[in-house]
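Let me begin by presenting the structure, written as structure tokens, before commenting on it.
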Amino acid sequence: MAAQNAKDVEMIEGRPRKRIRNSTKRKRATSPTHLPRVPLLFAPFRALGLITNHIPFYMQTRSYKDATEGPRIHILTCLGRSWALWEGGKMGLLFVGPEVQDPISCLVMDGDAVWAASGIHVIKYLRGKEVSRVSNPLRTPLAFIILFGSQLLALTEGGGRMLIWEVSTNERVLSATIQFDIGFTATSILHPATYLNKVLVASNEGDMQLWNIRTQTCIHKFYNSQLRTLPSQQQMNSLSSPITALTQSPAIDVVGVGFMSGEISVYDVRADERLMRMYMDNGGIKALSFRSDGHPILASASSSGHIALWDLDSGGRLLHLIRGAHDGAISALEWVPGQPVLISSGEDNSVKQWLYESPTAVPRLLKFRSGHHASPHLIRFYGEDGKQLLSASADRTLRYVSVVRDSRSYEMSQADEMCVRSWTVLNKRVGKHTFNSAESSKRKSPSGVVKCVCVTACGNFGLAGSSTGEIHMWNMQSGLKRKSFKVGPCPQAVIDRLELSERGITGLASDALNRAVMVLPTPASSIMLQRDSGLLAVVCDDMVVRIIDIETRRIVRELACGVHGRILDIAFSSDSRWIVVTSLDSVIRTFDIPTGQLINAFRTPSVATSIAFSPTNDFLATTHVDSVGIFLWANRSQYSEVAFRAISEENIAEVALPSMQGSEEDEALEALEALGVEDKPTDVFSTPSQLDGDLVTLTLLPRARWQTLLNLEVIQQRNKPKEPPKKPEHAPFFLPTLPGVEHRFVIEEKKQETQDTHTRKLDKIAANSRSTLQKLLVESDKNNGSDDALFNYIKSLSPAAIDLELHSLVSFNSLQQFLRAIKRRLQSHLDFEAVQALQNVVLRIHADVIIENEDLRTELKELLKIQKKESGRVLDLLASSLGTLGFVRDTQ
């Protein structure tokens with residue numbers, strides 16, 4: 001049979017097929033399903049609240065020399081298409097694997113290496129990075145893997161074959177294939193302790209087989225009737241039940257076998273005899289584990305979430321039963337070697353550690369990591385720093401989720417009542433008061449179901465709206481009911497138009513001063529108030545979000561969100577510029593409120609049920625119908641320039657959900673590296689040098705530049721040395737020195753005299769030449785008013801250099817040209833503060849020359865006229881702006 005299987009494999013391998021790539025990244029790059037168009041505004045960042053799923057975890061213990069705290073524990077959990085490695089001491093996250101194309105079906109560890117079965121591949125990781133992989137030549141998915149020395153054993157999803165790879169070499173070749181008989185569907189593999197080249201294979205029919213993997217032969221078969229009943233009780237044999245748990249005991253040849261029927265067998269494989277039988281009610285056996293610290297205790301877990309402890313010295317007597325250890329089926333159970341600590345994981349997205357202080361004591365919960373086990377349906381950021389979220393789920397829990405570090409997340413409370421409750425984040429518990437709308441009600445009419453709640457900005461009062469149109473208000477500190485509001489019957493016009501007979505309240509919001517409470521009728525499904533801006537967003541049933549200004553009570557914007565899905569949630573940005581909307585068509589839209597345009601939209605694989613925008617505008621958080629996690633999307637405009645333009649409903653990007661990343665800062669920074677904007681829009685707006693000719697434009701240079709120019713003489717006088725430089729005291733007698741603060745020696749006097757002669761000639765030539773400023777003044781006067789080059793040159797100089805250039809204006813023509821340039825610059829409304837500083841310095845330096853010359857006095861009179869006109873215009877603009885600012889400040 002083995003030879004025939006090997007022949008079949010050779011025939012399959014001989015067929016032409018595509019070469020299997022070893023890199024996951026390369027594989028994903030070639031797959032069109034993993035090439036979504038990246039959204040312009042939001043980029044996937046990371047997922048929060050994911051701990052484990054239904055795949056059993058793998059525990060690894062490592063003992064170190066001279067260790068006083070026991071072995072180091074590593075727990076490997078599955079997150080769907082990726083995995084997470086936790087440190088068991090503090091339940092801290094160590095590594096998170098990259099996402100793969102197919103869901104992971106099994107996980108094992110070998111030293112520092114992690115092996116994961118995903119689809120037809122078994123992938124090996126080191127420190128979170130893929131290093132190699134093997135693939136099933138049959139092209140069928142793999143369901144179970146186990147490491148056996150230098151070999152890797154895997155079961156196909158159908159349970160008909162077992163594949164064996166030799167993984168000790170770099171070639172990773174398939175060494176053998178074992179095909180099981182018809183009627184034997186393999187589900188799991190166990191290597192019995194001390195058994196050489198032999199493994200136990202459990203089946204879905206309730207049978208087991210012992211195989212020699214070296215010779216590929218079946219040594220012995222254990223039938224369901226032998227595993228579940230004693231030989232003297234053959235008449236009690238029931239229908240076969242699948243084996244759902246198989247584990248090794250501390251005793252050689254003895255294993256524990258669990259069945260879907262709830263039956264547990266402690267079985268001697270060598271003697272082919274069942275030693276004990278136990279039974280758990282309310283569900284099948286999901287996991288078994290023997291205690292290894294000297295106490296003969298067997299722990300079993302059921303599909304209903306219970307954990308049972310059995311005393312093997314007393315024939316399998318029940319010691320303890322932990323009811324509701326997990327809110328759902330338990331996926332795995334493991335005792336820590338040599339310690340009274342039991343680790344369990346469940347489908348409720350949690351991993352828990354239980355401590356047994358004595359063999360007969362009731363176990364207590366030692367530490368755990370958990371998240372929502374049902375999809376969250378409402379999330380909101382808590383606080384002003386954007387580092388924590390509050391999430392509510394269908395699992396009746398309210399959780400506090402940290403964006404910065406997962407270890408700070410916790411469950412606040414559980415509730416499933418019709419009354420209103422409060423929670424305190426400081427004490428991490430539910431409030432002491434219960435707000436019941438039926439209390440102190442004199443009438444006997446029903447109070448209705450609470451549909452929405454709201455806390456005032458001051459935090460002193462809580463409001464609740466009911467389905468009967470009533471609003472109740474309580475004091476948050478005392479819990480006393482303060483007021484009740486009755487909306488009243490629905491107007492006849494509304495009844496005729498909307499066919500409504502009731503006026504149930506669907507949304508509540510109070511402004512910062514509690515001056516108004518906005519109440520909307522049933523056609524509005526929810527509301528959200530941005531208190532800082534006074535904008536109220538109303539989600540209407542016609543798939544339109546209407547923005548209302550609560551000061552004027554008018555609709556200022558109407559934002560259409562397509563025609564294919566009802567709006568589920570909305571979120572404002574902290575600056576009230578954007579509003580993000582999620583709807584049933586799986587599209588998350590972002591609108592620019594000032595323009596009313598759709599600026600970003602992307603479609604997710606599943607519907608986003610709730611969204612929240614960080615108060616610091618750095619993250620958008622979403623929850624989805626098919627996931628228990630919270631997903632963060634980074635706002636790309638916080639890290640790079642993004643050009644916004646209106647888009648249509650056809651331009652919607654397809655984006656995958658963010659994956660879970662490690663808690664280390666380096667990994668978080670690596671995720672931000674992908675946020676660089678590569679798309680460069682062609683219509684990038686560049687600010688012109690002057691927005692409008694009627695506006696005053698400054699030089700955009702620091703104020704200190706022109707202040708220094710005006711006070712340059714004072715600065716130079718203040719920085720003048722108090723004493724003349726002194727001659728060095730210890731200079732060598734044969735080396736004459738020159739005066740000055742630096743040590744300079746006179747070497748060749750003749751050459752120095754020659755240099756002085758040349759310097760005098762250069763000074764004469766320089767006196768007759770024109771400076772750069774004078775040349776630019778001549779060019780500016782010839783070009784009939786083009787002064788840009790002149791003033792750009794002046795703005796590039798230092799204050800001392802500008803002062804020197806202005807001192808060089810000693811001729812009549814230079815001063816006349818400079819005064820004309822100043823007048824033209826004032827009339828162009830450019831470089832206003834520079835013009836004021838320059839004319840101040842010029843008049844201070846050359847005032848006597850200008851006054852003595854008649855033509856220059858005429859130029860000065862014209863400059864004075866233009867200066868008064870432009871200064872008055874600037875003062876009028878400033879007064880108008882200050883008046884507008886004062887009005888806005890007083891009205892808020």
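Going through the structure tokens in order, the chains are called A, B, and so on, while each chain numbers its residues from 1 and the ligands are numbered from 1 in the order shown.
Residues surrounding Gly431 (chain A) within 9 Å are Arg421, Ser422, Trp423 and Thr424 of chain A [only C-alpha atoms; sequence separation below 6 positions excluded].
Comparing A:Leu196, A:Leu878, A:Ile794, A:Leu41 by their smallest distance to Trp578 (chain A), the closest is A:Leu41 (using only C-alpha atoms).
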Which polymer residues have any atom within 10 Å of an atom of region 379-381 of chain A, counting only C-alpha atoms, with same-chain residues fewer than 2 positions away left out, as JSON, numbers by chain?
{"A": [376, 377, 383, 384, 385, 386, 387, 388, 389, 390, 391, 392, 393, 398, 399, 400, 401, 402, 403, 569, 571, 609, 610, 611, 612, 613, 614, 615, 620, 621, 622, 623, 630]}
Need the shell around region 266-279 of chain A: protein/DNA/RNA residues with any atom at most 8 Å away, counting only C-alpha atoms. Skip same-chain ones fewer than 6 positions apart. Format as a PyMOL selection string?
chain A and resi 222+226-230+253-257+315-316
Could you save those same residues with N, CA, C and O atoms as a PDB file, in the first residue's frame?
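Final output, part.pdb:
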```
ATOM      1  N   PHE A 222      -6.992   0.115  17.191  1.00  0.00           N
ATOM      2  CA  PHE A 222      -7.800   0.202  18.404  1.00  0.00           C
ATOM      3  C   PHE A 222      -9.190   0.652  17.973  1.00  0.00           C
ATOM      4  O   PHE A 222      -9.371   1.779  17.497  1.00  0.00           O
ATOM      5  N   GLN A 226     -13.565  -0.952  21.841  1.00  0.00           N
ATOM      6  CA  GLN A 226     -12.590  -1.236  22.890  1.00  0.00           C
ATOM      7  C   GLN A 226     -12.232   0.024  23.680  1.00  0.00           C
ATOM      8  O   GLN A 226     -11.959  -0.036  24.879  1.00  0.00           O
ATOM      9  N   LEU A 227     -12.209   1.162  22.998  1.00  0.00           N
ATOM     10  CA  LEU A 227     -11.804   2.399  23.662  1.00  0.00           C
ATOM     11  C   LEU A 227     -12.875   2.942  24.597  1.00  0.00           C
ATOM     12  O   LEU A 227     -12.559   3.576  25.600  1.00  0.00           O
ATOM     13  N   ARG A 228     -14.127   2.648  24.322  1.00  0.00           N
ATOM     14  CA  ARG A 228     -15.195   3.299  25.072  1.00  0.00           C
ATOM     15  C   ARG A 228     -15.883   2.393  26.075  1.00  0.00           C
ATOM     16  O   ARG A 228     -16.550   2.892  26.972  1.00  0.00           O
ATOM     17  N   THR A 229     -15.795   1.047  25.968  1.00  0.00           N
ATOM     18  CA  THR A 229     -16.498   0.149  26.896  1.00  0.00           C
ATOM     19  C   THR A 229     -15.544  -0.920  27.370  1.00  0.00           C
ATOM     20  O   THR A 229     -14.583  -1.285  26.691  1.00  0.00           O
ATOM     21  N   LEU A 230     -15.811  -1.459  28.565  1.00  0.00           N
ATOM     22  CA  LEU A 230     -15.047  -2.585  29.086  1.00  0.00           C
ATOM     23  C   LEU A 230     -15.471  -3.872  28.387  1.00  0.00           C
ATOM     24  O   LEU A 230     -16.592  -3.980  27.874  1.00  0.00           O
ATOM     25  N   ASP A 253       3.081   4.297  28.109  1.00  0.00           N
ATOM     26  CA  ASP A 253       2.075   3.451  27.456  1.00  0.00           C
ATOM     27  C   ASP A 253       0.648   3.906  27.731  1.00  0.00           C
ATOM     28  O   ASP A 253      -0.292   3.320  27.176  1.00  0.00           O
ATOM     29  N   VAL A 254       0.432   4.913  28.550  1.00  0.00           N
ATOM     30  CA  VAL A 254      -0.926   5.330  28.918  1.00  0.00           C
ATOM     31  C   VAL A 254      -1.226   6.672  28.250  1.00  0.00           C
ATOM     32  O   VAL A 254      -0.430   7.615  28.340  1.00  0.00           O
ATOM     33  N   VAL A 255      -2.374   6.742  27.606  1.00  0.00           N
ATOM     34  CA  VAL A 255      -2.824   7.967  26.948  1.00  0.00           C
ATOM     35  C   VAL A 255      -4.243   8.267  27.399  1.00  0.00           C
ATOM     36  O   VAL A 255      -4.972   7.383  27.886  1.00  0.00           O
ATOM     37  N   GLY A 256      -4.624   9.523  27.217  1.00  0.00           N
ATOM     38  CA  GLY A 256      -5.994   9.942  27.481  1.00  0.00           C
ATOM     39  C   GLY A 256      -6.720  10.196  26.173  1.00  0.00           C
ATOM     40  O   GLY A 256      -6.183  10.848  25.265  1.00  0.00           O
ATOM     41  N   VAL A 257      -7.932   9.672  26.068  1.00  0.00           N
ATOM     42  CA  VAL A 257      -8.717   9.783  24.836  1.00  0.00           C
ATOM     43  C   VAL A 257     -10.056  10.414  25.192  1.00  0.00           C
ATOM     44  O   VAL A 257     -10.747   9.956  26.107  1.00  0.00           O
ATOM     45  N   GLY A 315      -9.856   6.310  41.080  1.00  0.00           N
ATOM     46  CA  GLY A 315     -10.608   5.687  39.999  1.00  0.00           C
ATOM     47  C   GLY A 315     -11.306   6.664  39.084  1.00  0.00           C
ATOM     48  O   GLY A 315     -12.283   6.294  38.425  1.00  0.00           O
ATOM     49  N   GLY A 316     -10.825   7.905  39.038  1.00  0.00           N
ATOM     50  CA  GLY A 316     -11.428   8.906  38.159  1.00  0.00           C
ATOM     51  C   GLY A 316     -12.537   9.688  38.828  1.00  0.00           C
ATOM     52  O   GLY A 316     -13.481  10.106  38.156  1.00  0.00           O
TER      53      GLY A 316
END
```
Could you go through region 84-333 of chain A and tell me which residues DSSP, when run on the backbone, assigns to helix (DSSP H, G or I), listing them as a list in words?
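Put together, the selection reads Asn224, Ser225, Gln226, Leu227, Arg228, Pro231, Ser232, Gln233, Gln234, Gln235, Met236, Leu312, Asp313 and Ser314 of chain A.
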How many Å lie between CA of Ala601 (chain A) and CA of Ile567 (chain A), rounded to one decimal?
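According to the coordinates, CA of Ala601 (chain A) and CA of Ile567 (chain A) are separated by 14.1 Å.
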For Asp618 (chain A), which residue out of A:Ser573, A:Ser880, A:Asn600, A:Thr185 is the nearest one, using only C-alpha atoms?
A:Ser573
For the structure I just gave you, how does DSSP split region 68-248 of chain A - specifically, which residues are strand (DSSP E)? Reply as a ChimeraX atom specification.
/A:72-78,83-87,92-96,104-110,113-118,121-126,129-135,142-148,151-156,161-166,173-179,186-190,198-203,208-212,217-222,243-248
Using only C-alpha atoms, find the one residue out of A:Phe602, A:Phe644, A:Tyr195, A:Phe619 that sits nearest to Val404 (chain A).
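When distances to Val404 (chain A) are compared using only C-alpha atoms, the smallest one comes from A:Phe619.
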Give me, as JSON, numbers by chain, all polymer residues having an atom no more than 6 Å from Leu333 (chain A), counting only C-alpha atoms and skipping those fewer than 2 positions away in the same chain.
{"A": [287, 343, 344]}
Shortest contact to Ile471 (chain A), candidates A:Lys483, A:Lys65, A:His121, A:Lys869, atoms counted only C-alpha atoms, goes to A:Lys483
Neighbours of Phe485 (chain A) within 10 Å (only C-alpha atoms; same-chain residues fewer than 3 positions away dropped), as JSON, numbers by chain?
{"A": [465, 469, 470, 471, 472, 473, 488]}
Restricting it to N, CA, C and O atoms, dump the selection as a compact mmCIF listing (two decimals), in the first residue's frame.
```
# COMPACT_ATOMS: atom_id res chain seq x y z
N GLY A 465 -33.32 58.34 26.51
CA GLY A 465 -34.53 58.46 25.71
C GLY A 465 -35.17 57.10 25.49
O GLY A 465 -34.47 56.11 25.29
N GLY A 469 -41.17 58.00 23.64
CA GLY A 469 -41.09 59.44 23.47
C GLY A 469 -40.80 60.20 24.74
O GLY A 469 -41.08 61.40 24.80
N GLU A 470 -40.26 59.55 25.76
CA GLU A 470 -39.94 60.21 27.01
C GLU A 470 -38.43 60.34 27.18
O GLU A 470 -37.68 59.46 26.75
N ILE A 471 -38.03 61.42 27.86
CA ILE A 471 -36.63 61.65 28.20
C ILE A 471 -36.54 61.80 29.70
O ILE A 471 -37.25 62.62 30.30
N HIS A 472 -35.68 61.01 30.33
CA HIS A 472 -35.50 61.05 31.77
C HIS A 472 -34.09 61.54 32.08
O HIS A 472 -33.13 61.19 31.39
N MET A 473 -33.98 62.34 33.14
CA MET A 473 -32.69 62.90 33.53
C MET A 473 -32.41 62.57 34.99
O MET A 473 -33.28 62.74 35.86
N GLY A 488 -44.43 64.24 23.39
CA GLY A 488 -45.80 64.45 22.97
C GLY A 488 -46.15 63.64 21.74
O GLY A 488 -45.30 62.99 21.14
```
For region 324-329 of chain A: contacts at 8 Å, only C-alpha atoms, fewer than 5 positions along chain excluded, given as number ranges by chain
A: 286, 302-307, 345-348, 350, 373
Can I get the selection written as a short mmCIF file (atom, residue, chain, number, x, y, z; two decimals), in the first residue's frame, with all heavy atoms?
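Result file out_37.cif:
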```cif
data_model
loop_
_atom_site.label_atom_id
_atom_site.label_comp_id
_atom_site.auth_asym_id
_atom_site.auth_seq_id
_atom_site.Cartn_x
_atom_site.Cartn_y
_atom_site.Cartn_z
N LYS A 286 -13.22 18.54 24.38
CA LYS A 286 -12.42 19.31 23.44
C LYS A 286 -10.92 19.20 23.71
O LYS A 286 -10.12 19.36 22.79
CB LYS A 286 -12.83 20.78 23.48
CG LYS A 286 -14.27 21.03 23.04
CD LYS A 286 -14.45 20.78 21.57
CE LYS A 286 -13.76 21.83 20.74
NZ LYS A 286 -14.01 21.68 19.31
N SER A 302 -14.75 20.87 28.01
CA SER A 302 -15.90 20.52 27.17
C SER A 302 -16.21 21.64 26.19
O SER A 302 -15.72 22.76 26.31
CB SER A 302 -17.13 20.24 28.05
OG SER A 302 -17.59 21.45 28.63
N SER A 303 -17.05 21.32 25.24
CA SER A 303 -17.44 22.29 24.23
C SER A 303 -18.38 23.34 24.78
O SER A 303 -18.65 24.34 24.11
CB SER A 303 -18.11 21.57 23.05
OG SER A 303 -19.23 20.83 23.50
N SER A 304 -18.90 23.15 25.99
CA SER A 304 -19.77 24.14 26.62
C SER A 304 -19.01 25.12 27.50
O SER A 304 -19.63 25.96 28.15
CB SER A 304 -20.86 23.44 27.44
OG SER A 304 -20.27 22.58 28.40
N GLY A 305 -17.69 25.01 27.58
CA GLY A 305 -16.89 25.96 28.33
C GLY A 305 -16.55 25.55 29.74
O GLY A 305 -16.03 26.38 30.50
N HIS A 306 -16.81 24.28 30.15
CA HIS A 306 -16.52 23.83 31.50
C HIS A 306 -15.16 23.12 31.54
O HIS A 306 -14.72 22.50 30.56
CB HIS A 306 -17.60 22.87 32.01
CG HIS A 306 -18.99 23.42 31.89
ND1 HIS A 306 -19.29 24.74 32.12
CD2 HIS A 306 -20.17 22.82 31.55
CE1 HIS A 306 -20.59 24.95 31.94
NE2 HIS A 306 -21.14 23.78 31.58
N ILE A 307 -14.51 23.16 32.71
CA ILE A 307 -13.27 22.44 32.97
C ILE A 307 -13.49 21.53 34.17
O ILE A 307 -13.95 21.99 35.22
CB ILE A 307 -12.10 23.40 33.24
CG1 ILE A 307 -11.80 24.26 32.01
CG2 ILE A 307 -10.84 22.63 33.65
CD1 ILE A 307 -10.69 25.27 32.22
N SER A 345 -7.45 27.85 26.65
CA SER A 345 -7.87 28.84 25.65
C SER A 345 -9.22 28.43 25.11
O SER A 345 -9.56 27.24 25.07
CB SER A 345 -6.85 28.93 24.51
OG SER A 345 -6.86 27.76 23.72
N GLY A 346 -9.99 29.43 24.70
CA GLY A 346 -11.33 29.14 24.23
C GLY A 346 -11.69 29.93 22.99
O GLY A 346 -10.97 30.84 22.56
N GLU A 347 -12.82 29.57 22.43
CA GLU A 347 -13.31 30.28 21.27
C GLU A 347 -13.88 31.64 21.64
O GLU A 347 -14.35 32.37 20.75
CB GLU A 347 -14.38 29.43 20.57
CG GLU A 347 -13.84 28.11 20.03
CD GLU A 347 -14.89 27.29 19.32
OE1 GLU A 347 -15.99 27.84 19.09
OE2 GLU A 347 -14.62 26.13 18.98
N ASP A 348 -13.85 32.00 22.93
CA ASP A 348 -14.29 33.31 23.38
C ASP A 348 -13.18 34.35 23.31
O ASP A 348 -13.25 35.38 23.97
CB ASP A 348 -14.84 33.24 24.80
CG ASP A 348 -13.82 32.73 25.79
OD1 ASP A 348 -12.78 32.22 25.35
OD2 ASP A 348 -14.06 32.85 27.01
N SER A 350 -9.95 34.27 24.39
CA SER A 350 -9.25 34.47 25.65
C SER A 350 -8.31 33.31 25.93
O SER A 350 -8.56 32.17 25.49
CB SER A 350 -10.24 34.63 26.81
OG SER A 350 -10.93 33.43 27.05
N HIS A 373 -15.75 38.30 22.54
CA HIS A 373 -15.99 37.05 21.83
C HIS A 373 -17.20 37.15 20.90
O HIS A 373 -17.61 36.15 20.32
CB HIS A 373 -16.16 35.88 22.80
CG HIS A 373 -17.30 36.02 23.75
ND1 HIS A 373 -17.18 36.59 24.99
CD2 HIS A 373 -18.60 35.63 23.65
CE1 HIS A 373 -18.34 36.55 25.62
NE2 HIS A 373 -19.22 35.98 24.82
#
```
Expressed in Å, the length from CA of Asn349 (chain A) to CA of Thr244 (chain A) is 20.3 Å
Closest-contact table, region 36-134 of chain A side, partner region 656-660 of chain A, 8 Å, counting only C-alpha atoms, as CSV:
```
residue,atom,partner,partner_atom,distance
A:Pro36,CA,A:Ala656,CA,7.1
A:Pro44,CA,A:Pro658,CA,4.7
A:Phe45,CA,A:Pro658,CA,5.6
A:Arg46,CA,A:Pro658,CA,4.9
A:Ala47,CA,A:Met660,CA,4.5
A:Leu48,CA,A:Met660,CA,6.7
A:Leu50,CA,A:Met660,CA,7.5
A:Val96,CA,A:Met660,CA,6.9
A:Glu99,CA,A:Ser659,CA,7.1
```
